[in-house]
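Undergrad: This is coords.txt, which holds compact mmCIF, C-alpha atoms and all ligand atoms:
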```txt
# COMPACT_ATOMS: atom_id res chain seq x y z
CA MET A 1 23.86 -18.28 9.23
CA LYS A 2 25.66 -19.76 12.22
CA ASN A 3 28.43 -22.34 12.33
CA GLU A 4 31.40 -23.43 14.44
CA MET A 5 34.53 -25.51 14.11
CA LYS A 6 37.51 -26.55 16.19
CA LEU A 7 40.85 -27.96 15.13
CA ILE A 8 43.72 -29.13 17.31
CA ILE A 9 47.08 -29.82 15.69
CA PRO A 10 50.65 -30.57 16.83
CA SER A 11 52.89 -27.51 16.53
CA CYS A 12 54.84 -28.74 13.47
CA SER A 13 55.53 -26.43 10.56
CA GLU A 14 54.12 -29.07 8.17
CA ASN A 15 50.69 -28.30 9.66
CA GLU A 16 50.66 -24.62 8.75
CA ARG A 17 49.26 -25.23 5.29
CA PHE A 18 46.67 -27.69 6.60
CA ALA A 19 45.47 -25.20 9.24
CA ARG A 20 45.00 -22.24 6.90
CA THR A 21 43.39 -24.42 4.24
CA VAL A 22 40.82 -25.71 6.76
CA CYS A 23 40.10 -22.14 7.94
CA ALA A 24 39.60 -21.00 4.35
CA ALA A 25 37.34 -23.97 3.58
CA PHE A 26 35.23 -23.20 6.69
CA LEU A 27 34.38 -19.86 5.16
CA LEU A 28 33.39 -21.07 1.70
CA GLU A 29 29.69 -21.42 2.48
CA LEU A 30 29.58 -17.61 2.92
CA ASP A 31 30.65 -17.27 -0.70
CA PRO A 32 33.58 -14.90 -0.04
CA THR A 33 35.34 -12.96 -2.77
CA LEU A 34 38.74 -14.28 -3.82
CA GLU A 35 40.33 -11.28 -2.14
CA GLU A 36 38.57 -11.93 1.19
CA LEU A 37 39.54 -15.58 0.99
CA SER A 38 43.21 -14.83 0.44
CA GLU A 39 43.26 -12.15 3.16
CA ILE A 40 41.81 -14.54 5.72
CA LYS A 41 44.07 -17.38 4.65
CA THR A 42 47.10 -15.11 5.06
CA ALA A 43 46.03 -13.74 8.47
CA VAL A 44 45.40 -17.27 9.80
CA SER A 45 48.74 -18.41 8.44
CA GLU A 46 50.48 -15.56 10.33
CA ALA A 47 48.85 -16.46 13.65
CA VAL A 48 49.41 -20.22 13.30
CA THR A 49 53.04 -19.71 12.25
CA ASN A 50 53.64 -17.42 15.24
CA ALA A 51 52.22 -20.05 17.61
CA ILE A 52 54.47 -22.71 16.08
CA ILE A 53 57.75 -20.79 15.87
CA HIS A 54 57.53 -18.26 18.70
CA GLY A 55 55.14 -20.02 21.09
CA TYR A 56 56.77 -23.46 20.97
CA ASN A 57 59.64 -23.73 18.51
CA SER A 58 59.23 -27.52 18.53
CA CYS A 59 56.62 -30.12 17.56
CA ASP A 60 55.82 -30.90 21.20
CA GLY A 61 53.00 -28.40 21.65
CA GLN A 62 49.44 -28.13 20.43
CA VAL A 63 47.79 -25.31 18.56
CA GLU A 64 44.04 -24.95 18.99
CA ILE A 65 42.09 -23.19 16.27
CA THR A 66 38.41 -22.36 16.47
CA GLY A 67 36.21 -20.72 13.88
CA GLU A 68 32.81 -19.17 14.28
CA ILE A 69 30.41 -17.75 11.73
CA THR A 70 27.61 -15.40 12.75
CA ASP A 71 25.69 -13.94 9.83
CA ARG A 72 28.46 -12.67 7.54
CA THR A 73 31.10 -12.24 10.25
CA VAL A 74 33.77 -14.87 10.70
CA THR A 75 35.89 -15.07 13.87
CA TYR A 76 38.95 -17.25 14.40
CA THR A 77 40.93 -17.84 17.57
CA ILE A 78 44.42 -19.32 17.45
CA LYS A 79 45.63 -20.49 20.83
CA ASP A 80 48.91 -21.93 22.08
CA ASN A 81 50.24 -22.89 25.51
CA GLY A 82 53.73 -21.74 24.65
CA CYS A 83 56.11 -19.14 26.05
CA GLY A 84 53.73 -16.18 25.86
CA ILE A 85 54.52 -12.54 24.99
CA GLU A 86 56.21 -10.21 27.50
CA ASP A 87 55.31 -6.91 25.85
CA ILE A 88 52.27 -7.20 23.58
CA GLU A 89 52.34 -3.57 22.48
CA LYS A 90 55.92 -3.85 21.30
CA ALA A 91 55.27 -7.20 19.60
CA ARG A 92 52.46 -5.60 17.56
CA GLU A 93 54.70 -2.83 16.24
CA PRO A 94 55.46 -3.13 12.51
CA LEU A 95 58.89 -4.65 11.80
CA TYR A 96 59.43 -5.76 15.42
CA THR A 97 60.64 -9.34 15.70
CA GLY A 98 61.80 -11.30 18.71
CA LYS A 99 63.95 -13.44 16.38
CA PRO A 100 66.17 -10.93 14.54
CA ASP A 101 68.58 -13.61 13.26
CA GLY A 102 65.88 -16.00 12.11
CA GLU A 103 64.95 -14.46 8.72
CA ARG A 104 61.75 -12.93 10.14
CA SER A 105 60.49 -9.60 8.86
CA GLY A 106 58.32 -8.63 11.85
CA MET A 107 55.33 -8.16 9.53
CA GLY A 108 53.00 -10.83 10.96
CA PHE A 109 50.87 -8.67 13.27
CA SER A 110 50.75 -5.81 10.74
CA ILE A 111 49.42 -8.22 8.10
CA MET A 112 46.78 -9.62 10.49
CA GLU A 113 45.69 -6.06 11.33
CA ALA A 114 45.54 -5.00 7.70
CA PHE A 115 43.62 -8.05 6.48
CA MET A 116 41.09 -8.47 9.33
CA ASP A 117 38.60 -6.00 10.88
CA THR A 118 39.52 -6.72 14.50
CA LEU A 119 42.55 -8.31 16.16
CA MET A 120 42.83 -9.07 19.86
CA VAL A 121 45.97 -10.44 21.49
CA GLU A 122 45.84 -12.05 24.93
CA SER A 123 49.03 -13.48 26.35
CA THR A 124 50.56 -14.52 29.65
CA PRO A 125 54.33 -15.07 29.77
CA GLY A 126 55.02 -18.72 30.51
CA LYS A 127 51.38 -19.72 29.86
CA GLY A 128 50.60 -18.98 26.25
CA THR A 129 48.92 -16.76 23.71
CA ALA A 130 45.46 -16.44 22.18
CA ILE A 131 44.79 -14.41 19.05
CA THR A 132 41.19 -13.55 18.20
CA MET A 133 40.46 -12.01 14.84
CA SER A 134 37.29 -11.32 12.95
CA LYS A 135 36.16 -10.04 9.61
CA ARG A 136 32.80 -9.13 8.19
CA LEU A 137 32.44 -10.30 4.63
CA SER A 138 30.92 -8.03 2.02
CA ASP A 139 27.31 -8.71 1.11
CA ASN A 140 27.39 -10.50 -2.18
CA VAL A 141 25.20 -8.97 -4.79
CA ARG A 142 24.20 -11.52 -7.34
CA MET B 1 22.05 -56.70 -17.44
CA SER B 2 21.54 -56.89 -13.69
CA ASP B 3 23.83 -55.11 -11.30
CA THR B 4 24.88 -58.34 -9.56
CA PHE B 5 25.83 -59.84 -12.88
CA PHE B 6 27.83 -56.75 -13.76
CA ARG B 7 29.63 -56.84 -10.40
CA SER B 8 30.76 -60.41 -10.92
CA THR B 9 32.36 -59.78 -14.27
CA LYS B 10 35.89 -58.84 -15.08
CA ALA B 11 34.43 -55.91 -17.00
CA TYR B 12 33.13 -54.37 -13.80
CA LYS B 13 36.46 -54.75 -12.08
CA PHE B 14 38.15 -53.11 -15.00
CA HIS B 15 35.56 -50.34 -15.07
CA GLN B 16 35.97 -49.78 -11.33
CA ARG B 17 39.72 -49.65 -11.58
CA THR B 18 39.70 -47.08 -14.39
CA PHE B 19 37.10 -45.05 -12.56
CA ILE B 20 39.20 -44.93 -9.40
CA SER B 21 42.35 -44.13 -11.29
CA VAL B 22 40.64 -41.25 -13.14
CA ARG B 23 39.35 -39.86 -9.85
CA ARG B 24 42.70 -40.26 -8.20
CA LYS B 25 44.33 -38.51 -11.12
CA MET B 26 41.97 -35.55 -10.69
CA VAL B 27 42.71 -35.33 -6.96
CA LEU B 28 46.44 -35.57 -7.58
CA GLU B 29 46.22 -32.82 -10.18
CA ALA B 30 44.37 -30.55 -7.74
CA LEU B 31 46.96 -31.27 -5.04
CA GLU B 32 49.73 -30.65 -7.51
CA ARG B 33 48.62 -27.04 -7.83
CA ILE B 34 49.21 -26.35 -4.14
CA ARG B 35 52.01 -28.81 -3.44
CA PHE B 36 55.35 -27.11 -2.95
CA LYS B 37 58.07 -27.67 -5.54
CA MET B 38 61.16 -25.86 -6.64
CA GLU B 39 63.56 -26.05 -9.56
CA VAL B 40 66.94 -24.34 -9.73
CA THR B 41 68.84 -23.49 -12.93
CA TYR B 42 72.25 -21.86 -13.10
CA ILE B 43 72.66 -19.27 -15.88
CA PRO B 44 76.42 -18.55 -16.09
CA LYS B 45 75.97 -15.73 -18.63
CA HIS B 46 74.28 -13.56 -16.00
CA ARG B 47 76.00 -15.18 -12.98
CA LEU B 48 72.47 -15.91 -11.87
CA ILE B 49 70.54 -18.79 -10.41
CA LEU B 50 66.93 -19.00 -11.51
CA VAL B 51 64.67 -20.44 -8.81
CA ARG B 52 61.27 -21.51 -10.10
CA VAL B 53 58.87 -21.99 -7.19
CA THR B 54 55.53 -23.81 -7.38
CA GLY B 55 52.85 -23.88 -4.66
CA GLU B 56 52.56 -22.10 -1.33
CA ILE B 57 55.41 -20.26 0.41
CA ASP B 58 55.13 -20.37 4.19
CA HIS B 59 57.48 -20.89 7.13
CA HIS B 60 57.85 -24.57 6.22
CA SER B 61 58.56 -24.19 2.49
CA ALA B 62 60.53 -20.92 2.87
CA GLU B 63 63.06 -22.93 4.84
CA SER B 64 63.59 -25.29 1.86
CA ILE B 65 64.00 -22.37 -0.53
CA ARG B 66 66.61 -20.84 1.79
CA ARG B 67 68.56 -24.09 2.09
CA VAL B 68 68.56 -24.99 -1.59
CA THR B 69 69.29 -21.46 -2.81
CA GLU B 70 72.20 -20.94 -0.42
CA LYS B 71 73.67 -24.30 -1.46
CA GLU B 72 73.45 -23.43 -5.17
CA ILE B 73 75.03 -20.01 -4.60
CA ARG B 74 77.97 -21.71 -2.89
CA ARG B 75 78.25 -24.45 -5.53
CA THR B 76 78.19 -22.12 -8.56
CA SER B 77 79.79 -18.74 -9.12
CA ALA B 78 76.40 -17.01 -9.20
CA ILE B 79 75.96 -13.73 -7.39
CA ASN B 80 72.40 -12.97 -8.53
CA ILE B 81 69.16 -14.76 -7.69
CA ALA B 82 65.97 -14.60 -9.78
CA PHE B 83 62.76 -16.00 -8.33
CA ASP B 84 60.10 -17.10 -10.81
CA PHE B 85 56.89 -16.76 -8.77
CA GLY B 86 54.59 -17.49 -11.73
CA SER B 87 53.30 -20.66 -10.06
CA VAL B 88 53.26 -19.41 -6.46
CA THR B 89 49.67 -19.60 -5.25
CA PHE B 90 50.15 -18.21 -1.72
CA MET B 91 52.75 -16.43 0.37
CA ASP B 92 52.86 -15.09 3.93
CA SER B 93 55.43 -13.05 5.90
CA SER B 94 57.81 -16.02 6.01
CA GLY B 95 58.28 -15.50 2.26
CA ILE B 96 59.11 -11.83 2.85
CA GLY B 97 61.72 -12.82 5.44
CA MET B 98 63.15 -15.44 3.07
CA ILE B 99 63.49 -12.89 0.22
CA ILE B 100 65.18 -10.37 2.55
CA GLY B 101 67.57 -13.14 3.61
CA ARG B 102 68.49 -13.85 -0.04
CA TYR B 103 68.89 -10.12 -0.64
CA LYS B 104 71.48 -10.08 2.14
CA THR B 105 73.34 -13.02 0.58
CA ALA B 106 73.30 -11.57 -2.94
CA SER B 107 74.29 -8.05 -1.93
CA SER B 108 77.17 -9.36 0.17
CA LEU B 109 78.48 -10.87 -3.11
CA GLY B 110 77.80 -7.67 -5.05
CA GLY B 111 74.72 -9.15 -6.75
CA SER B 112 70.96 -8.58 -6.85
CA VAL B 113 67.68 -10.38 -6.28
CA ILE B 114 64.88 -10.36 -8.87
CA VAL B 115 61.32 -11.50 -8.17
CA PHE B 116 59.15 -11.83 -11.28
CA ASP B 117 55.63 -12.85 -12.36
CA ALA B 118 54.09 -12.79 -8.86
CA ASN B 119 50.30 -12.93 -8.50
CA GLU B 120 48.15 -10.19 -6.97
CA GLN B 121 48.17 -11.59 -3.42
CA VAL B 122 51.95 -11.91 -3.39
CA MET B 123 52.40 -8.45 -4.97
CA ARG B 124 50.22 -6.90 -2.28
CA LEU B 125 52.29 -8.47 0.48
CA MET B 126 55.56 -7.35 -1.12
CA ASP B 127 54.17 -3.80 -1.48
CA MET B 128 53.09 -3.73 2.17
CA SER B 129 56.56 -4.63 3.34
CA GLY B 130 58.39 -2.21 1.04
CA LEU B 131 60.37 -5.03 -0.55
CA SER B 132 60.78 -3.07 -3.80
CA ARG B 133 63.37 -0.89 -2.08
CA LEU B 134 65.63 -3.94 -1.75
CA VAL B 135 64.89 -6.23 -4.67
CA ILE B 136 63.91 -5.87 -8.32
CA ILE B 137 60.25 -6.70 -8.85
CA SER B 138 59.15 -7.19 -12.44
CA ASP B 139 56.65 -9.06 -14.55
CA THR B 140 59.15 -10.97 -16.70
CA MET B 141 62.65 -12.28 -16.13
CA GLN B 142 63.97 -10.30 -19.10
CA LYS B 143 62.76 -7.00 -17.65
CA GLY B 144 64.26 -7.94 -14.31
CA ILE B 145 67.65 -8.66 -15.89
CA THR B 146 67.53 -5.38 -17.81
CA ALA B 147 66.82 -3.51 -14.57
CA MET B 148 69.66 -5.37 -12.88
CA LYS B 149 72.12 -4.40 -15.63
CA LYS B 150 71.03 -0.79 -15.43
CA LEU B 151 71.55 -0.86 -11.69
CA ARG B 152 75.18 -1.84 -12.10
CA GLY B 153 76.29 -0.33 -15.38
CA VAL B 154 75.83 -2.61 -18.42
CA ASN B 155 78.47 -5.27 -17.67
CA VAL B 156 77.10 -7.83 -15.27
N1 LIG C 1 52.19 -16.99 19.74
C1 LIG C 1 53.26 -16.30 20.15
N2 LIG C 1 53.97 -16.71 21.22
C2 LIG C 1 55.08 -16.04 21.65
N3 LIG C 1 55.53 -14.91 21.06
C3 LIG C 1 54.86 -14.43 19.99
C4 LIG C 1 53.69 -15.09 19.48
N4 LIG C 1 53.25 -14.39 18.42
C5 LIG C 1 54.09 -13.36 18.27
N5 LIG C 1 55.06 -13.36 19.20
C6 LIG C 1 56.14 -12.35 19.35
O1 LIG C 1 55.77 -11.19 18.63
C7 LIG C 1 56.79 -10.88 17.67
C8 LIG C 1 56.17 -10.21 16.46
O2 LIG C 1 55.37 -11.12 15.70
P1 LIG C 1 55.19 -10.89 14.15
O3 LIG C 1 54.40 -12.03 13.60
O4 LIG C 1 54.66 -9.53 13.90
O5 LIG C 1 56.67 -10.92 13.58
P2 LIG C 1 57.64 -12.20 13.39
O6 LIG C 1 56.87 -13.46 13.53
O7 LIG C 1 58.82 -12.03 14.25
O8 LIG C 1 58.07 -12.05 11.86
P3 LIG C 1 57.18 -12.47 10.58
O9 LIG C 1 55.79 -12.72 11.05
O10 LIG C 1 57.27 -11.30 9.65
O11 LIG C 1 57.82 -13.67 10.02
C9 LIG C 1 57.47 -12.19 17.40
O12 LIG C 1 58.78 -12.01 16.92
C10 LIG C 1 57.46 -12.84 18.79
O13 LIG C 1 58.51 -12.33 19.58
MG MG C 2 55.07 -13.83 12.55
```
For this file, produce the structure as structure tokens.
TA:
Amino acid sequence: MKNEMKLIIPSCSENERFARTVCAAFLLELDPTLEELSEIKTAVSEAVTNAIIHGYNSCDGQVEITGEITDRTVTYTIKDNGCGIEDIEKAREPLYTGKPDGERSGMGFSIMEAFMDTLMVESTPGKGTAITMSKRLSDNVR
Amino acid sequence: MSDTFFRSTKAYKFHQRTFISVRRKMVLEALERIRFKMEVTYIPKHRLILVRVTGEIDHHSAESIRRVTEKEIRRTSAINIAFDFGSVTFMDSSGIGMIIGRYKTASSLGGSVIVFDANEQVMRLMDMSGLSRLVIISDTMQKGITAMKKLRGVNV
């Protein structure tokens, strides 16, 4: 099984639901369990939300989302051309947030790590951020 | 009866219209399950506002919950907030941040936050973030209120 998709959306918070719903729908042909589906939907939501609020913090940017299926492994990349991350290691620490007065819990990266098998963060300050995450779905026994 | 004949009749038009409206109704019903909605009720007896949330809680909808809840807290003399998550179908870390924010508001007034009837996905996220150390998590509102009373000696 092999498939690909690409989605480009303006960086408005209204689009968060649309983006994660598309990413979940992309996966349906692999017949995921409900748990896998909700884990992936949550991880994608974290990455897209980060691009929108930390990368841009306005509707002027674009978020590019690609999905790829190879056998039973699904890989998503979420890319923005926003402000970038100065210290990636620190950003990935649980409970760290760059917006302490913005009602953020600093759980986003921890959730992505817990719900996906791999998580790669590439970022250049002033240029933008790309998150690549993948998960191998369980073999469904029917 | 030939198809062309059927098409030209009023009956067909009627049939088509009902068909479309039934389909549209089904689509609307499906959307309704994920569309975000909230309903706030003030319960003076417990100095509590009950916030019933429907749909998905993300950065976008969490912002509405924050705004509406803060407004109601200021408008009434409530100090406690109970979230009915029975119809919440999805939540991400923005929901966690929103609940922590309401915890700060309620505890500054000497009150508590209750979250009840959350589904498995939401429970898992709340467990991961250790939210149960700050707010009361229960399966029904009644149990939440009992826990709240216990927390503060019976008179709330
Ligand atoms: N796409 C991005 N562009 C710029 N900075 C980012 C991006 N993604 C994450 N960051 C930085 O990394 C920090 C940690 O991200 P994380 O998602 O873990 O927490 P948060 O978004 O602050 O809070 P939460 O996700 O719990 O609402 C952010 O506060 C931000 O400073
Ligand atoms: Mg985040």
Undergrad: What residues of the protein or nucleic acid chains come within 8 Å of ligand MG 2 (chain C) when you use all atoms listed in the file? Reply as a PDB file with C-alpha atoms, in the frame of the given file.
TA:
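Output file result30.pdb is given in full below:
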```
ATOM      1  CA  GLU A  46      50.480 -15.560  10.330  1.00  0.00           C
ATOM      2  CA  ALA A  47      48.850 -16.460  13.650  1.00  0.00           C
ATOM      3  CA  THR A  49      53.040 -19.710  12.250  1.00  0.00           C
ATOM      4  CA  ASN A  50      53.640 -17.420  15.240  1.00  0.00           C
ATOM      5  CA  HIS A  54      57.530 -18.260  18.700  1.00  0.00           C
ATOM      6  CA  THR A  97      60.640  -9.340  15.700  1.00  0.00           C
ATOM      7  CA  ARG A 104      61.750 -12.930  10.140  1.00  0.00           C
ATOM      8  CA  SER A 105      60.490  -9.600   8.860  1.00  0.00           C
ATOM      9  CA  GLY A 106      58.320  -8.630  11.850  1.00  0.00           C
ATOM     10  CA  MET A 107      55.330  -8.160   9.530  1.00  0.00           C
ATOM     11  CA  GLY A 108      53.000 -10.830  10.960  1.00  0.00           C
ATOM     12  CA  PHE A 109      50.870  -8.670  13.270  1.00  0.00           C
TER      13      PHE A 109
ATOM     14  CA  SER B  93      55.430 -13.050   5.900  1.00  0.00           C
ATOM     15  CA  SER B  94      57.810 -16.020   6.010  1.00  0.00           C
TER      16      SER B  94
END
```
Undergrad: Counting only C-alpha atoms and all ligand atoms, name the residues that have an atom within 9 Å of an atom of ligand LIG 1 (chain C); the answer should be given as a compact mmCIF listing (two decimals) with C-alpha atoms, keeping the file's coordinate frame.
TA:
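And here is the file that came out, part.txt:
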```txt
# COMPACT_ATOMS: atom_id res chain seq x y z
CA GLU A 46 50.48 -15.56 10.33
CA ALA A 47 48.85 -16.46 13.65
CA VAL A 48 49.41 -20.22 13.30
CA THR A 49 53.04 -19.71 12.25
CA ASN A 50 53.64 -17.42 15.24
CA ALA A 51 52.22 -20.05 17.61
CA ILE A 52 54.47 -22.71 16.08
CA ILE A 53 57.75 -20.79 15.87
CA HIS A 54 57.53 -18.26 18.70
CA GLY A 55 55.14 -20.02 21.09
CA TYR A 56 56.77 -23.46 20.97
CA ILE A 78 44.42 -19.32 17.45
CA LYS A 79 45.63 -20.49 20.83
CA ASP A 80 48.91 -21.93 22.08
CA ASN A 81 50.24 -22.89 25.51
CA GLY A 82 53.73 -21.74 24.65
CA CYS A 83 56.11 -19.14 26.05
CA GLY A 84 53.73 -16.18 25.86
CA ILE A 85 54.52 -12.54 24.99
CA GLU A 86 56.21 -10.21 27.50
CA ASP A 87 55.31 -6.91 25.85
CA ILE A 88 52.27 -7.20 23.58
CA LYS A 90 55.92 -3.85 21.30
CA ALA A 91 55.27 -7.20 19.60
CA ARG A 92 52.46 -5.60 17.56
CA GLU A 93 54.70 -2.83 16.24
CA PRO A 94 55.46 -3.13 12.51
CA LEU A 95 58.89 -4.65 11.80
CA TYR A 96 59.43 -5.76 15.42
CA THR A 97 60.64 -9.34 15.70
CA GLY A 98 61.80 -11.30 18.71
CA LYS A 99 63.95 -13.44 16.38
CA PRO A 100 66.17 -10.93 14.54
CA GLY A 102 65.88 -16.00 12.11
CA GLU A 103 64.95 -14.46 8.72
CA ARG A 104 61.75 -12.93 10.14
CA SER A 105 60.49 -9.60 8.86
CA GLY A 106 58.32 -8.63 11.85
CA MET A 107 55.33 -8.16 9.53
CA GLY A 108 53.00 -10.83 10.96
CA PHE A 109 50.87 -8.67 13.27
CA SER A 110 50.75 -5.81 10.74
CA ILE A 111 49.42 -8.22 8.10
CA MET A 112 46.78 -9.62 10.49
CA VAL A 121 45.97 -10.44 21.49
CA SER A 123 49.03 -13.48 26.35
CA PRO A 125 54.33 -15.07 29.77
CA GLY A 128 50.60 -18.98 26.25
CA THR A 129 48.92 -16.76 23.71
CA ALA A 130 45.46 -16.44 22.18
CA ILE A 131 44.79 -14.41 19.05
CA HIS B 59 57.48 -20.89 7.13
CA ASP B 92 52.86 -15.09 3.93
CA SER B 93 55.43 -13.05 5.90
CA SER B 94 57.81 -16.02 6.01
CA GLY B 95 58.28 -15.50 2.26
CA ILE B 96 59.11 -11.83 2.85
CA GLY B 97 61.72 -12.82 5.44
CA MET B 98 63.15 -15.44 3.07
```
Undergrad: Tell me, as a VMD selection string, which residues lie within 6 Å of region 40-54 of chain B, counting all atoms listed in the file; anything in the same chain fewer than 2 positions away does not count.
TA: chain B and resid 36 to 38 78 to 85 87 to 88
Undergrad: I'd like the interatomic distance between CA of Ser13 (chain A) and CA of Met126 (chain B), to a tenth of an Å.
TA: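 Between these atoms lies a distance of 22.4 Å.
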Undergrad: Residues of chain B within 12 Å of chain A, counting only C-alpha atoms, what are they? List them as a ChimeraX atom specification.
TA: /B:34-36,55-64,66,89-105,119-122,124-131
Undergrad: So what do you get for CA of Thr70 (chain A) versus CA of Asp117 (chain A), distance-wise?
TA: 14.6 Å
Undergrad: Measuring atom to atom with only C-alpha atoms, identify which of B:Ala106, B:Ile114, B:Met123, B:Ile65 is nearest to Thr140 (chain B).
TA: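 Once distances to Thr140 (chain B) are computed over only C-alpha atoms, the minimum belongs to B:Ile114.
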Undergrad: Record the distance separating CA of Gly67 (chain A) and CA of Lys6 (chain A), expressed in Å with one decimal.
TA: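 So the two atoms, CA of Gly67 (chain A) and CA of Lys6 (chain A), lie 6.4 Å apart.
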Undergrad: Can you give me all heavy atoms for region 140-147 of chain B, written as a compact mmCIF listing (two decimals), in the frame of the given file?
TA:
```txt
# COMPACT_ATOMS: atom_id res chain seq x y z
N THR B 140 58.45 -9.89 -15.99
CA THR B 140 59.15 -10.97 -16.70
C THR B 140 60.61 -11.00 -16.26
O THR B 140 61.13 -10.02 -15.74
CB THR B 140 59.14 -10.76 -18.24
OG1 THR B 140 59.91 -9.58 -18.52
CG2 THR B 140 57.74 -10.59 -18.79
N MET B 141 61.26 -12.14 -16.50
CA MET B 141 62.65 -12.28 -16.13
C MET B 141 63.52 -11.32 -16.94
O MET B 141 64.46 -10.72 -16.42
CB MET B 141 63.11 -13.73 -16.38
CG MET B 141 64.60 -13.87 -16.20
SD MET B 141 65.05 -15.43 -15.52
CE MET B 141 66.19 -15.99 -16.74
N GLN B 142 63.17 -11.17 -18.24
CA GLN B 142 63.97 -10.30 -19.10
C GLN B 142 64.00 -8.87 -18.58
O GLN B 142 65.06 -8.26 -18.47
CB GLN B 142 63.43 -10.36 -20.54
CG GLN B 142 64.47 -10.04 -21.59
CD GLN B 142 65.83 -10.70 -21.27
OE1 GLN B 142 65.93 -11.92 -21.12
NE2 GLN B 142 66.88 -9.90 -21.11
N LYS B 143 62.83 -8.36 -18.19
CA LYS B 143 62.76 -7.00 -17.65
C LYS B 143 63.56 -6.88 -16.37
O LYS B 143 64.22 -5.87 -16.11
CB LYS B 143 61.31 -6.59 -17.39
CG LYS B 143 60.56 -6.20 -18.64
CD LYS B 143 59.18 -5.66 -18.28
CE LYS B 143 58.27 -5.66 -19.49
NZ LYS B 143 56.86 -5.52 -19.12
N GLY B 144 63.51 -7.93 -15.55
CA GLY B 144 64.26 -7.94 -14.31
C GLY B 144 65.76 -7.86 -14.57
O GLY B 144 66.48 -7.11 -13.91
N ILE B 145 66.22 -8.64 -15.56
CA ILE B 145 67.65 -8.66 -15.89
C ILE B 145 68.09 -7.31 -16.45
O ILE B 145 69.16 -6.80 -16.12
CB ILE B 145 67.97 -9.82 -16.86
CG1 ILE B 145 67.87 -11.14 -16.07
CG2 ILE B 145 69.37 -9.68 -17.47
CD1 ILE B 145 68.07 -12.39 -16.88
N THR B 146 67.22 -6.71 -17.28
CA THR B 146 67.53 -5.38 -17.81
C THR B 146 67.68 -4.37 -16.67
O THR B 146 68.64 -3.58 -16.64
CB THR B 146 66.41 -4.91 -18.78
OG1 THR B 146 66.18 -5.96 -19.72
CG2 THR B 146 66.80 -3.65 -19.51
N ALA B 147 66.76 -4.42 -15.73
CA ALA B 147 66.82 -3.51 -14.57
C ALA B 147 68.08 -3.75 -13.76
O ALA B 147 68.74 -2.81 -13.28
CB ALA B 147 65.58 -3.68 -13.70
```
